[in-house]
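> Sending over coords-v9.tsv (TSV, N, CA and C atoms).
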chain	number	residue	atom	x	y	z
A	1419	MET	N	72.15	-22.16	-70.69
A	1419	MET	CA	71.92	-23.48	-71.22
A	1419	MET	C	70.86	-24.21	-70.40
A	1420	ARG	N	70.95	-24.04	-69.07
A	1420	ARG	CA	70.01	-24.74	-68.20
A	1420	ARG	C	68.59	-24.24	-68.41
A	1421	LYS	N	68.43	-22.93	-68.63
A	1421	LYS	CA	67.11	-22.37	-68.84
A	1421	LYS	C	66.50	-22.92	-70.13
A	1422	ALA	N	67.29	-23.02	-71.17
A	1422	ALA	CA	66.80	-23.56	-72.44
A	1422	ALA	C	66.42	-25.03	-72.29
A	1423	PHE	N	67.23	-25.79	-71.55
A	1423	PHE	CA	66.91	-27.20	-71.33
A	1423	PHE	C	65.61	-27.35	-70.55
A	1424	MET	N	65.42	-26.54	-69.52
A	1424	MET	CA	64.20	-26.62	-68.72
A	1424	MET	C	62.98	-26.21	-69.54
A	1425	THR	N	63.13	-25.23	-70.41
A	1425	THR	CA	62.02	-24.82	-71.26
A	1425	THR	C	61.63	-25.93	-72.22
A	1426	ILE	N	62.62	-26.54	-72.84
A	1426	ILE	CA	62.35	-27.64	-73.77
A	1426	ILE	C	61.75	-28.83	-73.03
A	1427	PHE	N	62.29	-29.17	-71.88
A	1427	PHE	CA	61.79	-30.30	-71.11
A	1427	PHE	C	60.35	-30.07	-70.65
A	1428	SER	N	60.05	-28.88	-70.13
A	1428	SER	CA	58.69	-28.62	-69.66
A	1428	SER	C	57.69	-28.59	-70.81
A	1429	THR	N	58.10	-28.07	-71.96
A	1429	THR	CA	57.22	-28.07	-73.13
A	1429	THR	C	56.92	-29.49	-73.58
A	1430	ALA	N	57.94	-30.33	-73.62
A	1430	ALA	CA	57.72	-31.74	-74.02
A	1430	ALA	C	56.83	-32.46	-73.01
A	1431	ALA	N	57.04	-32.20	-71.73
A	1431	ALA	CA	56.20	-32.84	-70.71
A	1431	ALA	C	54.76	-32.40	-70.82
A	1432	LEU	N	54.52	-31.12	-71.05
A	1432	LEU	CA	53.15	-30.62	-71.19
A	1432	LEU	C	52.47	-31.20	-72.42
A	1433	LEU	N	53.20	-31.29	-73.52
A	1433	LEU	CA	52.61	-31.87	-74.73
A	1433	LEU	C	52.28	-33.34	-74.53
A	1434	THR	N	53.14	-34.06	-73.83
A	1434	THR	CA	52.88	-35.47	-73.56
A	1434	THR	C	51.67	-35.65	-72.66
A	1435	LEU	N	51.60	-34.88	-71.58
A	1435	LEU	CA	50.47	-35.00	-70.66
A	1435	LEU	C	49.17	-34.52	-71.27
A	1436	ALA	N	49.21	-33.52	-72.15
A	1436	ALA	CA	48.00	-33.04	-72.78
A	1436	ALA	C	47.41	-34.11	-73.69
A	1437	SER	N	48.24	-34.83	-74.42
A	1437	SER	CA	47.72	-35.87	-75.29
A	1437	SER	C	47.08	-36.99	-74.49
A	1438	VAL	N	47.64	-37.31	-73.33
A	1438	VAL	CA	47.03	-38.33	-72.47
A	1438	VAL	C	45.69	-37.85	-71.94
A	1439	ALA	N	45.60	-36.58	-71.57
A	1439	ALA	CA	44.35	-36.04	-71.04
A	1439	ALA	C	43.26	-36.03	-72.11
A	1440	PHE	N	43.60	-35.67	-73.33
A	1440	PHE	CA	42.59	-35.63	-74.39
A	1440	PHE	C	42.18	-37.03	-74.85
A	1441	ALA	N	43.05	-38.01	-74.65
A	1441	ALA	CA	42.74	-39.37	-75.07
A	1441	ALA	C	42.03	-40.14	-73.97
A	1442	ALA	N	41.72	-39.51	-72.84
A	1442	ALA	CA	41.09	-40.20	-71.72
A	1442	ALA	C	39.68	-40.65	-72.11
A	1443	ASP	N	39.26	-41.75	-71.50
A	1443	ASP	CA	37.93	-42.28	-71.74
A	1443	ASP	C	36.90	-41.36	-71.10
A	1444	THR	N	36.06	-40.77	-71.92
A	1444	THR	CA	35.02	-39.89	-71.39
A	1444	THR	C	33.64	-40.40	-71.77
A	1445	ALA	N	33.51	-41.72	-71.92
A	1445	ALA	CA	32.23	-42.29	-72.30
A	1445	ALA	C	31.19	-42.13	-71.20
A	1446	GLY	N	31.61	-42.18	-69.96
A	1446	GLY	CA	30.68	-42.04	-68.86
A	1446	GLY	C	31.20	-41.06	-67.83
A	1447	ALA	N	30.35	-40.75	-66.88
A	1447	ALA	CA	30.75	-39.79	-65.84
A	1447	ALA	C	31.88	-40.36	-64.98
A	1448	MET	N	31.90	-41.65	-64.75
A	1448	MET	CA	32.93	-42.23	-63.90
A	1448	MET	C	34.32	-42.09	-64.53
A	1449	GLY	N	34.39	-42.16	-65.87
A	1449	GLY	CA	35.67	-41.97	-66.53
A	1449	GLY	C	36.18	-40.56	-66.36
A	1450	ALA	N	35.27	-39.58	-66.49
A	1450	ALA	CA	35.65	-38.18	-66.34
A	1450	ALA	C	36.02	-37.88	-64.89
A	1451	ILE	N	35.26	-38.42	-63.97
A	1451	ILE	CA	35.54	-38.16	-62.55
A	1451	ILE	C	36.85	-38.81	-62.15
A	1452	GLY	N	37.12	-40.00	-62.66
A	1452	GLY	CA	38.39	-40.65	-62.36
A	1452	GLY	C	39.57	-39.86	-62.90
A	1453	THR	N	39.43	-39.32	-64.10
A	1453	THR	CA	40.49	-38.51	-64.69
A	1453	THR	C	40.70	-37.23	-63.88
A	1454	ILE	N	39.60	-36.60	-63.47
A	1454	ILE	CA	39.70	-35.38	-62.67
A	1454	ILE	C	40.35	-35.69	-61.32
A	1455	SER	N	40.03	-36.84	-60.74
A	1455	SER	CA	40.62	-37.22	-59.46
A	1455	SER	C	42.13	-37.39	-59.57
A	1456	TRP	N	42.57	-38.05	-60.61
A	1456	TRP	CA	44.01	-38.22	-60.82
A	1456	TRP	C	44.68	-36.87	-61.09
A	1457	ALA	N	44.02	-36.02	-61.86
A	1457	ALA	CA	44.59	-34.71	-62.17
A	1457	ALA	C	44.75	-33.86	-60.92
A	1458	THR	N	43.75	-33.90	-60.03
A	1458	THR	CA	43.86	-33.11	-58.80
A	1458	THR	C	44.96	-33.66	-57.89
A	1459	ALA	N	45.09	-34.96	-57.84
A	1459	ALA	CA	46.13	-35.55	-56.99
A	1459	ALA	C	47.52	-35.17	-57.50
A	1460	ILE	N	47.72	-35.29	-58.80
A	1460	ILE	CA	49.02	-34.94	-59.37
A	1460	ILE	C	49.28	-33.44	-59.25
A	1461	GLY	N	48.25	-32.63	-59.51
A	1461	GLY	CA	48.40	-31.18	-59.42
A	1461	GLY	C	48.77	-30.72	-58.02
A	1462	MET	N	48.10	-31.26	-57.02
A	1462	MET	CA	48.41	-30.85	-55.64
A	1462	MET	C	49.79	-31.35	-55.23
A	1463	GLY	N	50.17	-32.53	-55.70
A	1463	GLY	CA	51.50	-33.04	-55.40
A	1463	GLY	C	52.59	-32.16	-55.99
A	1464	LEU	N	52.41	-31.74	-57.23
A	1464	LEU	CA	53.39	-30.85	-57.86
A	1464	LEU	C	53.43	-29.48	-57.18
A	1465	ALA	N	52.26	-28.97	-56.80
A	1465	ALA	CA	52.23	-27.67	-56.13
A	1465	ALA	C	52.92	-27.74	-54.77
A	1466	ALA	N	52.67	-28.81	-54.02
A	1466	ALA	CA	53.31	-28.96	-52.72
A	1466	ALA	C	54.82	-29.13	-52.86
A	1467	ALA	N	55.24	-29.89	-53.86
A	1467	ALA	CA	56.68	-30.08	-54.08
A	1467	ALA	C	57.35	-28.77	-54.47
A	1468	GLY	N	56.72	-28.00	-55.36
A	1468	GLY	CA	57.29	-26.72	-55.76
A	1468	GLY	C	57.36	-25.73	-54.61
A	1469	CYS	N	56.30	-25.69	-53.81
A	1469	CYS	CA	56.31	-24.77	-52.66
A	1469	CYS	C	57.34	-25.22	-51.62
A	1470	GLY	N	57.49	-26.50	-51.43
A	1470	GLY	CA	58.49	-27.00	-50.49
A	1470	GLY	C	59.91	-26.64	-50.93
A	1471	LEU	N	60.18	-26.78	-52.22
A	1471	LEU	CA	61.49	-26.40	-52.74
A	1471	LEU	C	61.73	-24.90	-52.59
A	1472	GLY	N	60.71	-24.11	-52.88
A	1472	GLY	CA	60.85	-22.66	-52.74
A	1472	GLY	C	61.09	-22.24	-51.31
A	1473	GLN	N	60.38	-22.85	-50.38
A	1473	GLN	CA	60.57	-22.51	-48.97
A	1473	GLN	C	61.95	-22.94	-48.49
A	1474	GLY	N	62.40	-24.08	-48.94
A	1474	GLY	CA	63.73	-24.55	-48.55
A	1474	GLY	C	64.83	-23.63	-49.05
A	1475	LEU	N	64.71	-23.19	-50.29
A	1475	LEU	CA	65.70	-22.28	-50.84
A	1475	LEU	C	65.68	-20.93	-50.12
A	1476	GLY	N	64.47	-20.46	-49.79
A	1476	GLY	CA	64.37	-19.20	-49.05
A	1476	GLY	C	64.98	-19.29	-47.67
A	1477	LEU	N	64.72	-20.38	-46.99
A	1477	LEU	CA	65.29	-20.58	-45.65
A	1477	LEU	C	66.81	-20.70	-45.71
A	1478	LYS	N	67.30	-21.38	-46.73
A	1478	LYS	CA	68.75	-21.52	-46.90
A	1478	LYS	C	69.40	-20.16	-47.09
A	1479	ALA	N	68.80	-19.33	-47.93
A	1479	ALA	CA	69.36	-18.00	-48.19
A	1479	ALA	C	69.29	-17.13	-46.94
A	1480	ALA	N	68.20	-17.25	-46.16
A	1480	ALA	CA	68.09	-16.45	-44.94
A	1480	ALA	C	69.13	-16.87	-43.91
A	1481	CYS	N	69.36	-18.17	-43.79
A	1481	CYS	CA	70.38	-18.64	-42.85
A	1481	CYS	C	71.78	-18.18	-43.27
A	1482	GLU	N	72.07	-18.24	-44.56
A	1482	GLU	CA	73.36	-17.77	-45.04
A	1482	GLU	C	73.52	-16.27	-44.82
A	1483	GLY	N	72.45	-15.51	-45.05
A	1483	GLY	CA	72.52	-14.07	-44.85
A	1483	GLY	C	72.72	-13.71	-43.39
A	1484	THR	N	72.05	-14.43	-42.49
A	1484	THR	CA	72.23	-14.17	-41.07
A	1484	THR	C	73.62	-14.58	-40.61
A	1485	ALA	N	74.16	-15.64	-41.17
A	1485	ALA	CA	75.50	-16.08	-40.80
A	1485	ALA	C	76.56	-15.07	-41.25
A	1486	ARG	N	76.33	-14.44	-42.39
A	1486	ARG	CA	77.30	-13.46	-42.89
A	1486	ARG	C	77.18	-12.11	-42.18
A	1487	ASN	N	75.94	-11.75	-41.80
A	1487	ASN	CA	75.72	-10.45	-41.18
A	1487	ASN	C	74.71	-10.62	-40.03
A	1488	PRO	N	75.17	-10.99	-38.85
A	1488	PRO	CA	74.25	-11.25	-37.73
A	1488	PRO	C	73.43	-10.04	-37.30
A	1489	GLU	N	73.92	-8.83	-37.53
A	1489	GLU	CA	73.18	-7.63	-37.14
A	1489	GLU	C	71.90	-7.46	-37.95
A	1490	ALA	N	71.86	-7.99	-39.17
A	1490	ALA	CA	70.69	-7.86	-40.03
A	1490	ALA	C	69.72	-9.01	-39.85
A	1491	GLY	N	69.90	-9.81	-38.80
A	1491	GLY	CA	69.05	-10.98	-38.58
A	1491	GLY	C	67.58	-10.65	-38.43
A	1492	GLY	N	67.26	-9.55	-37.76
A	1492	GLY	CA	65.86	-9.17	-37.56
A	1492	GLY	C	65.15	-8.84	-38.87
A	1493	LYS	N	65.80	-8.04	-39.71
A	1493	LYS	CA	65.21	-7.69	-41.00
A	1493	LYS	C	65.10	-8.91	-41.91
A	1494	ILE	N	66.10	-9.75	-41.86
A	1494	ILE	CA	66.07	-10.96	-42.68
A	1494	ILE	C	64.94	-11.88	-42.24
A	1495	THR	N	64.73	-11.99	-40.93
A	1495	THR	CA	63.67	-12.86	-40.41
A	1495	THR	C	62.30	-12.36	-40.84
A	1496	VAL	N	62.08	-11.07	-40.75
A	1496	VAL	CA	60.79	-10.50	-41.16
A	1496	VAL	C	60.54	-10.75	-42.65
A	1497	THR	N	61.54	-10.51	-43.46
A	1497	THR	CA	61.41	-10.75	-44.90
A	1497	THR	C	61.20	-12.23	-45.19
A	1498	LEU	N	61.89	-13.09	-44.46
A	1498	LEU	CA	61.74	-14.53	-44.65
A	1498	LEU	C	60.32	-14.97	-44.33
A	1499	ILE	N	59.77	-14.52	-43.22
A	1499	ILE	CA	58.42	-14.93	-42.83
A	1499	ILE	C	57.40	-14.43	-43.85
A	1500	LEU	N	57.56	-13.21	-44.34
A	1500	LEU	CA	56.66	-12.68	-45.35
A	1500	LEU	C	56.76	-13.49	-46.65
A	1501	GLY	N	57.97	-13.81	-47.06
A	1501	GLY	CA	58.16	-14.62	-48.27
A	1501	GLY	C	57.59	-16.02	-48.13
A	1502	LEU	N	57.79	-16.63	-46.96
A	1502	LEU	CA	57.23	-17.97	-46.73
A	1502	LEU	C	55.71	-17.95	-46.75
A	1503	ALA	N	55.12	-16.87	-46.24
A	1503	ALA	CA	53.65	-16.76	-46.27
A	1503	ALA	C	53.15	-16.66	-47.71
A	1504	PHE	N	53.86	-15.91	-48.55
A	1504	PHE	CA	53.46	-15.81	-49.95
A	1504	PHE	C	53.58	-17.16	-50.66
A	1505	ILE	N	54.65	-17.86	-50.40
A	1505	ILE	CA	54.85	-19.17	-51.03
A	1505	ILE	C	53.78	-20.14	-50.56
A	1506	GLU	N	53.47	-20.13	-49.27
A	1506	GLU	CA	52.45	-21.04	-48.75
A	1506	GLU	C	51.07	-20.71	-49.31
A	1507	SER	N	50.82	-19.42	-49.59
A	1507	SER	CA	49.52	-19.06	-50.17
A	1507	SER	C	49.35	-19.68	-51.56
A	1508	LEU	N	50.45	-19.86	-52.29
A	1508	LEU	CA	50.35	-20.52	-53.60
A	1508	LEU	C	49.90	-21.97	-53.45
A	1509	ALA	N	50.40	-22.64	-52.42
A	1509	ALA	CA	49.96	-24.02	-52.17
A	1509	ALA	C	48.49	-24.06	-51.77
A	1510	ILE	N	48.05	-23.07	-51.01
A	1510	ILE	CA	46.64	-23.03	-50.61
A	1510	ILE	C	45.75	-22.75	-51.82
A	1511	TYR	N	46.19	-21.86	-52.73
A	1511	TYR	CA	45.42	-21.62	-53.95
A	1511	TYR	C	45.32	-22.89	-54.79
A	1512	ALA	N	46.40	-23.63	-54.88
A	1512	ALA	CA	46.38	-24.89	-55.63
A	1512	ALA	C	45.43	-25.88	-54.97
A	1513	LEU	N	45.42	-25.92	-53.64
A	1513	LEU	CA	44.49	-26.80	-52.93
A	1513	LEU	C	43.04	-26.42	-53.21
A	1514	VAL	N	42.74	-25.14	-53.22
A	1514	VAL	CA	41.38	-24.68	-53.49
A	1514	VAL	C	40.95	-25.07	-54.90
A	1515	VAL	N	41.83	-24.89	-55.88
A	1515	VAL	CA	41.51	-25.26	-57.26
A	1515	VAL	C	41.29	-26.77	-57.36
A	1516	CYS	N	42.14	-27.55	-56.69
A	1516	CYS	CA	41.98	-29.01	-56.72
A	1516	CYS	C	40.69	-29.44	-56.06
A	1517	LEU	N	40.32	-28.81	-54.96
A	1517	LEU	CA	39.06	-29.17	-54.29
A	1517	LEU	C	37.86	-28.78	-55.14
A	1518	ILE	N	37.93	-27.65	-55.84
A	1518	ILE	CA	36.84	-27.27	-56.74
A	1518	ILE	C	36.71	-28.30	-57.86
A	1519	LEU	N	37.82	-28.71	-58.44
A	1519	LEU	CA	37.77	-29.72	-59.50
A	1519	LEU	C	37.27	-31.06	-58.97
A	1520	LEU	N	37.65	-31.39	-57.76
A	1520	LEU	CA	37.31	-32.70	-57.21
A	1520	LEU	C	35.85	-32.79	-56.79
A	1521	PHE	N	35.32	-31.75	-56.15
A	1521	PHE	CA	33.99	-31.84	-55.58
A	1521	PHE	C	32.91	-31.12	-56.38
A	1522	ALA	N	33.24	-30.07	-57.12
A	1522	ALA	CA	32.22	-29.34	-57.86
A	1522	ALA	C	32.03	-29.91	-59.27
A	1523	HIS	N	33.02	-30.60	-59.81
A	1523	HIS	CA	32.99	-31.21	-61.15
A	1523	HIS	C	32.54	-30.22	-62.22
A	1524	PRO	N	33.25	-29.09	-62.41
A	1524	PRO	CA	32.79	-28.12	-63.40
A	1524	PRO	C	32.87	-28.63	-64.84
A	1525	PHE	N	33.74	-29.61	-65.10
A	1525	PHE	CA	33.88	-30.11	-66.46
A	1525	PHE	C	33.12	-31.40	-66.71
A	1526	ALA	N	32.60	-32.03	-65.67
A	1526	ALA	CA	31.92	-33.32	-65.86
A	1526	ALA	C	30.67	-33.16	-66.70
A	1527	LYS	N	29.95	-32.05	-66.55
A	1527	LYS	CA	28.74	-31.83	-67.33
A	1527	LYS	C	29.08	-31.59	-68.79
A	1528	ILE	N	30.18	-30.88	-69.05
A	1528	ILE	CA	30.59	-30.61	-70.41
A	1528	ILE	C	31.04	-31.91	-71.09
A	1529	ILE	N	31.79	-32.73	-70.36
A	1529	ILE	CA	32.35	-33.94	-70.93
A	1529	ILE	C	31.26	-34.98	-71.22
A	1530	THR	N	30.33	-35.15	-70.25
A	1530	THR	CA	29.32	-36.20	-70.40
A	1530	THR	C	28.16	-35.75	-71.27
A	1531	GLY	N	28.06	-34.48	-71.56
A	1531	GLY	CA	27.01	-34.00	-72.47
A	1531	GLY	C	25.79	-33.68	-71.83
Represent the supplied structure as structure tokens.


Amino acid sequence: MRKAFMTIFSTAALLTLASVAFAADTAGAMGAIGTISWATAIGMGLAAAGCGLGQGLGLKAACEGTARNPEAGGKITVTLILGLAFIESLAIYALVVCLILLFAHPFAKIITG
């Protein structure tokens, strides 16, 4: 039930945000740049929040696993560090995409004509 609710909620949120993005004022370059700036800020915020939640859940599971089986602490720690590195790389990829959108303006030329 929870998966269906999350699917419906995320679909509704994406449809709502897409209509706002398409209705944005694109009469001048400043309107497009302002929209891109807000999009990058929101995008990086969501990426950081998602990565933070993922890292927290991973750390929680590693602590519980070590508490239940202290002999496996070394293997759990290695796996935890590797998993945290992968999760953090997703945040770095999101940062790179946001910086490209913010400073390179790949869509500003298309929008302004």

> Residues at most 7 Å from region 1507-1514 of chain A, counting only N, CA and C atoms, excluding those fewer than 4 positions away in the same chain, as a VMD selection string?

chain A and resid 1461 to 1462 1465 to 1466 1469 1502 to 1503 1518 to 1519

> Just give me the gap between atom C of Ala1431 (chain A) and atom C of Gly1472 (chain A) in Å, one decimal is fine.

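Value for the atom C of Ala1431 (chain A)-atom C of Gly1472 (chain A) distance: 22.9 Å.
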
> Hey, can you check how far atom C of Glu1506 (chain A) sits from atom C of Leu1477 (chain A)?

16.1 Å

> Can you pull out every residue within 8 Å of region 1493-1498 of chain A, counting all atoms listed in the file, but drop anything in the same chain fewer than 5 positions away, and send it as number ranges by chain?

A: 1476-1477, 1480-1481, 1483-1484, 1503-1504

> Just the selected residues (N, CA and C atoms), exported as a PDB file, in the frame of the given file, please.


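Okay, this is what ended up in result-v2.pdb:
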ATOM      1  N   GLY A1476      64.470 -20.460 -49.790  1.00  0.00           N
ATOM      2  CA  GLY A1476      64.370 -19.200 -49.050  1.00  0.00           C
ATOM      3  C   GLY A1476      64.980 -19.290 -47.670  1.00  0.00           C
ATOM      4  N   LEU A1477      64.720 -20.380 -46.990  1.00  0.00           N
ATOM      5  CA  LEU A1477      65.290 -20.580 -45.650  1.00  0.00           C
ATOM      6  C   LEU A1477      66.810 -20.700 -45.710  1.00  0.00           C
ATOM      7  N   ALA A1480      68.200 -17.250 -46.160  1.00  0.00           N
ATOM      8  CA  ALA A1480      68.090 -16.450 -44.940  1.00  0.00           C
ATOM      9  C   ALA A1480      69.130 -16.870 -43.910  1.00  0.00           C
ATOM     10  N   CYS A1481      69.360 -18.170 -43.790  1.00  0.00           N
ATOM     11  CA  CYS A1481      70.380 -18.640 -42.850  1.00  0.00           C
ATOM     12  C   CYS A1481      71.780 -18.180 -43.270  1.00  0.00           C
ATOM     13  N   GLY A1483      72.450 -15.510 -45.050  1.00  0.00           N
ATOM     14  CA  GLY A1483      72.520 -14.070 -44.850  1.00  0.00           C
ATOM     15  C   GLY A1483      72.720 -13.710 -43.390  1.00  0.00           C
ATOM     16  N   THR A1484      72.050 -14.430 -42.490  1.00  0.00           N
ATOM     17  CA  THR A1484      72.230 -14.170 -41.070  1.00  0.00           C
ATOM     18  C   THR A1484      73.620 -14.580 -40.610  1.00  0.00           C
ATOM     19  N   ALA A1503      55.120 -16.870 -46.240  1.00  0.00           N
ATOM     20  CA  ALA A1503      53.650 -16.760 -46.270  1.00  0.00           C
ATOM     21  C   ALA A1503      53.150 -16.660 -47.710  1.00  0.00           C
ATOM     22  N   PHE A1504      53.860 -15.910 -48.550  1.00  0.00           N
ATOM     23  CA  PHE A1504      53.460 -15.810 -49.950  1.00  0.00           C
ATOM     24  C   PHE A1504      53.580 -17.160 -50.660  1.00  0.00           C
TER      25      PHE A1504
END

> Enter the distance from CA of Ile1505 (chain A) to atom N of Gln1473 (chain A), in Å, rounded to one decimal.

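Between these atoms lies a distance of 6.7 Å.
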
> Which of these, A:Ser1428, A:Thr1434, A:Gly1491, A:Ser1455, has the shortest distance to Phe1521 (chain A) once you count only C-alpha atoms?

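The answer is A:Ser1455, which sits nearest to Phe1521 (chain A).
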
> Kindly indicate which residue among A:Leu1433, A:Ala1522, A:Cys1516, A:Ala1490 lies nearest to Leu1464 (chain A), using only C-alpha atoms for the distances.

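The closest residue to Leu1464 (chain A) is A:Cys1516.
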
> Taking the partial coordinates given, rebuild region 1475-1484 of chain A to contain all heavy atoms; return it as a CSV table (one decimal), keeping the file's coordinate frame.


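The resulting file, selection_15.csv, is shown below:
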chain,number,residue,atom,x,y,z
A,1475,LEU,N,64.7,-23.2,-50.3
A,1475,LEU,CA,65.7,-22.3,-50.8
A,1475,LEU,C,65.7,-20.9,-50.1
A,1475,LEU,O,66.7,-20.3,-49.9
A,1475,LEU,CB,65.5,-22.1,-52.3
A,1475,LEU,CG,65.8,-23.3,-53.2
A,1475,LEU,CD1,65.4,-23.0,-54.7
A,1475,LEU,CD2,67.3,-23.6,-53.1
A,1476,GLY,N,64.5,-20.5,-49.8
A,1476,GLY,CA,64.4,-19.2,-49.0
A,1476,GLY,C,65.0,-19.3,-47.7
A,1476,GLY,O,65.7,-18.4,-47.2
A,1477,LEU,N,64.7,-20.4,-47.0
A,1477,LEU,CA,65.3,-20.6,-45.6
A,1477,LEU,C,66.8,-20.7,-45.7
A,1477,LEU,O,67.5,-20.2,-44.9
A,1477,LEU,CB,64.7,-21.8,-45.0
A,1477,LEU,CG,65.1,-22.1,-43.6
A,1477,LEU,CD1,64.7,-21.0,-42.7
A,1477,LEU,CD2,64.5,-23.4,-43.1
A,1478,LYS,N,67.3,-21.4,-46.7
A,1478,LYS,CA,68.8,-21.5,-46.9
A,1478,LYS,C,69.4,-20.2,-47.1
A,1478,LYS,O,70.4,-19.8,-46.5
A,1478,LYS,CB,69.0,-22.4,-48.1
A,1478,LYS,CG,70.5,-22.5,-48.5
A,1478,LYS,CD,70.7,-23.3,-49.8
A,1478,LYS,CE,72.1,-23.1,-50.2
A,1478,LYS,NZ,72.2,-22.8,-51.7
A,1479,ALA,N,68.8,-19.3,-47.9
A,1479,ALA,CA,69.4,-18.0,-48.2
A,1479,ALA,C,69.3,-17.1,-46.9
A,1479,ALA,O,70.2,-16.4,-46.7
A,1479,ALA,CB,68.6,-17.3,-49.3
A,1480,ALA,N,68.2,-17.2,-46.2
A,1480,ALA,CA,68.1,-16.4,-44.9
A,1480,ALA,C,69.1,-16.9,-43.9
A,1480,ALA,O,69.7,-16.0,-43.2
A,1480,ALA,CB,66.7,-16.6,-44.4
A,1481,CYS,N,69.4,-18.2,-43.8
A,1481,CYS,CA,70.4,-18.6,-42.8
A,1481,CYS,C,71.8,-18.2,-43.3
A,1481,CYS,O,72.6,-17.8,-42.4
A,1481,CYS,CB,70.3,-20.2,-42.7
A,1481,CYS,SG,68.9,-20.8,-41.9
A,1482,GLU,N,72.1,-18.2,-44.6
A,1482,GLU,CA,73.4,-17.8,-45.0
A,1482,GLU,C,73.5,-16.3,-44.8
A,1482,GLU,O,74.6,-15.8,-44.4
A,1482,GLU,CB,73.5,-18.1,-46.5
A,1482,GLU,CG,73.8,-19.6,-46.8
A,1482,GLU,CD,73.8,-19.9,-48.3
A,1482,GLU,OE1,73.6,-19.0,-49.1
A,1482,GLU,OE2,74.1,-21.1,-48.6
A,1483,GLY,N,72.4,-15.5,-45.0
A,1483,GLY,CA,72.5,-14.1,-44.8
A,1483,GLY,C,72.7,-13.7,-43.4
A,1483,GLY,O,73.5,-12.8,-43.1
A,1484,THR,N,72.0,-14.4,-42.5
A,1484,THR,CA,72.2,-14.2,-41.1
A,1484,THR,C,73.6,-14.6,-40.6
A,1484,THR,O,74.2,-13.9,-39.8
A,1484,THR,CB,71.2,-14.9,-40.3
A,1484,THR,OG1,69.9,-14.5,-40.7
A,1484,THR,CG2,71.2,-14.6,-38.8
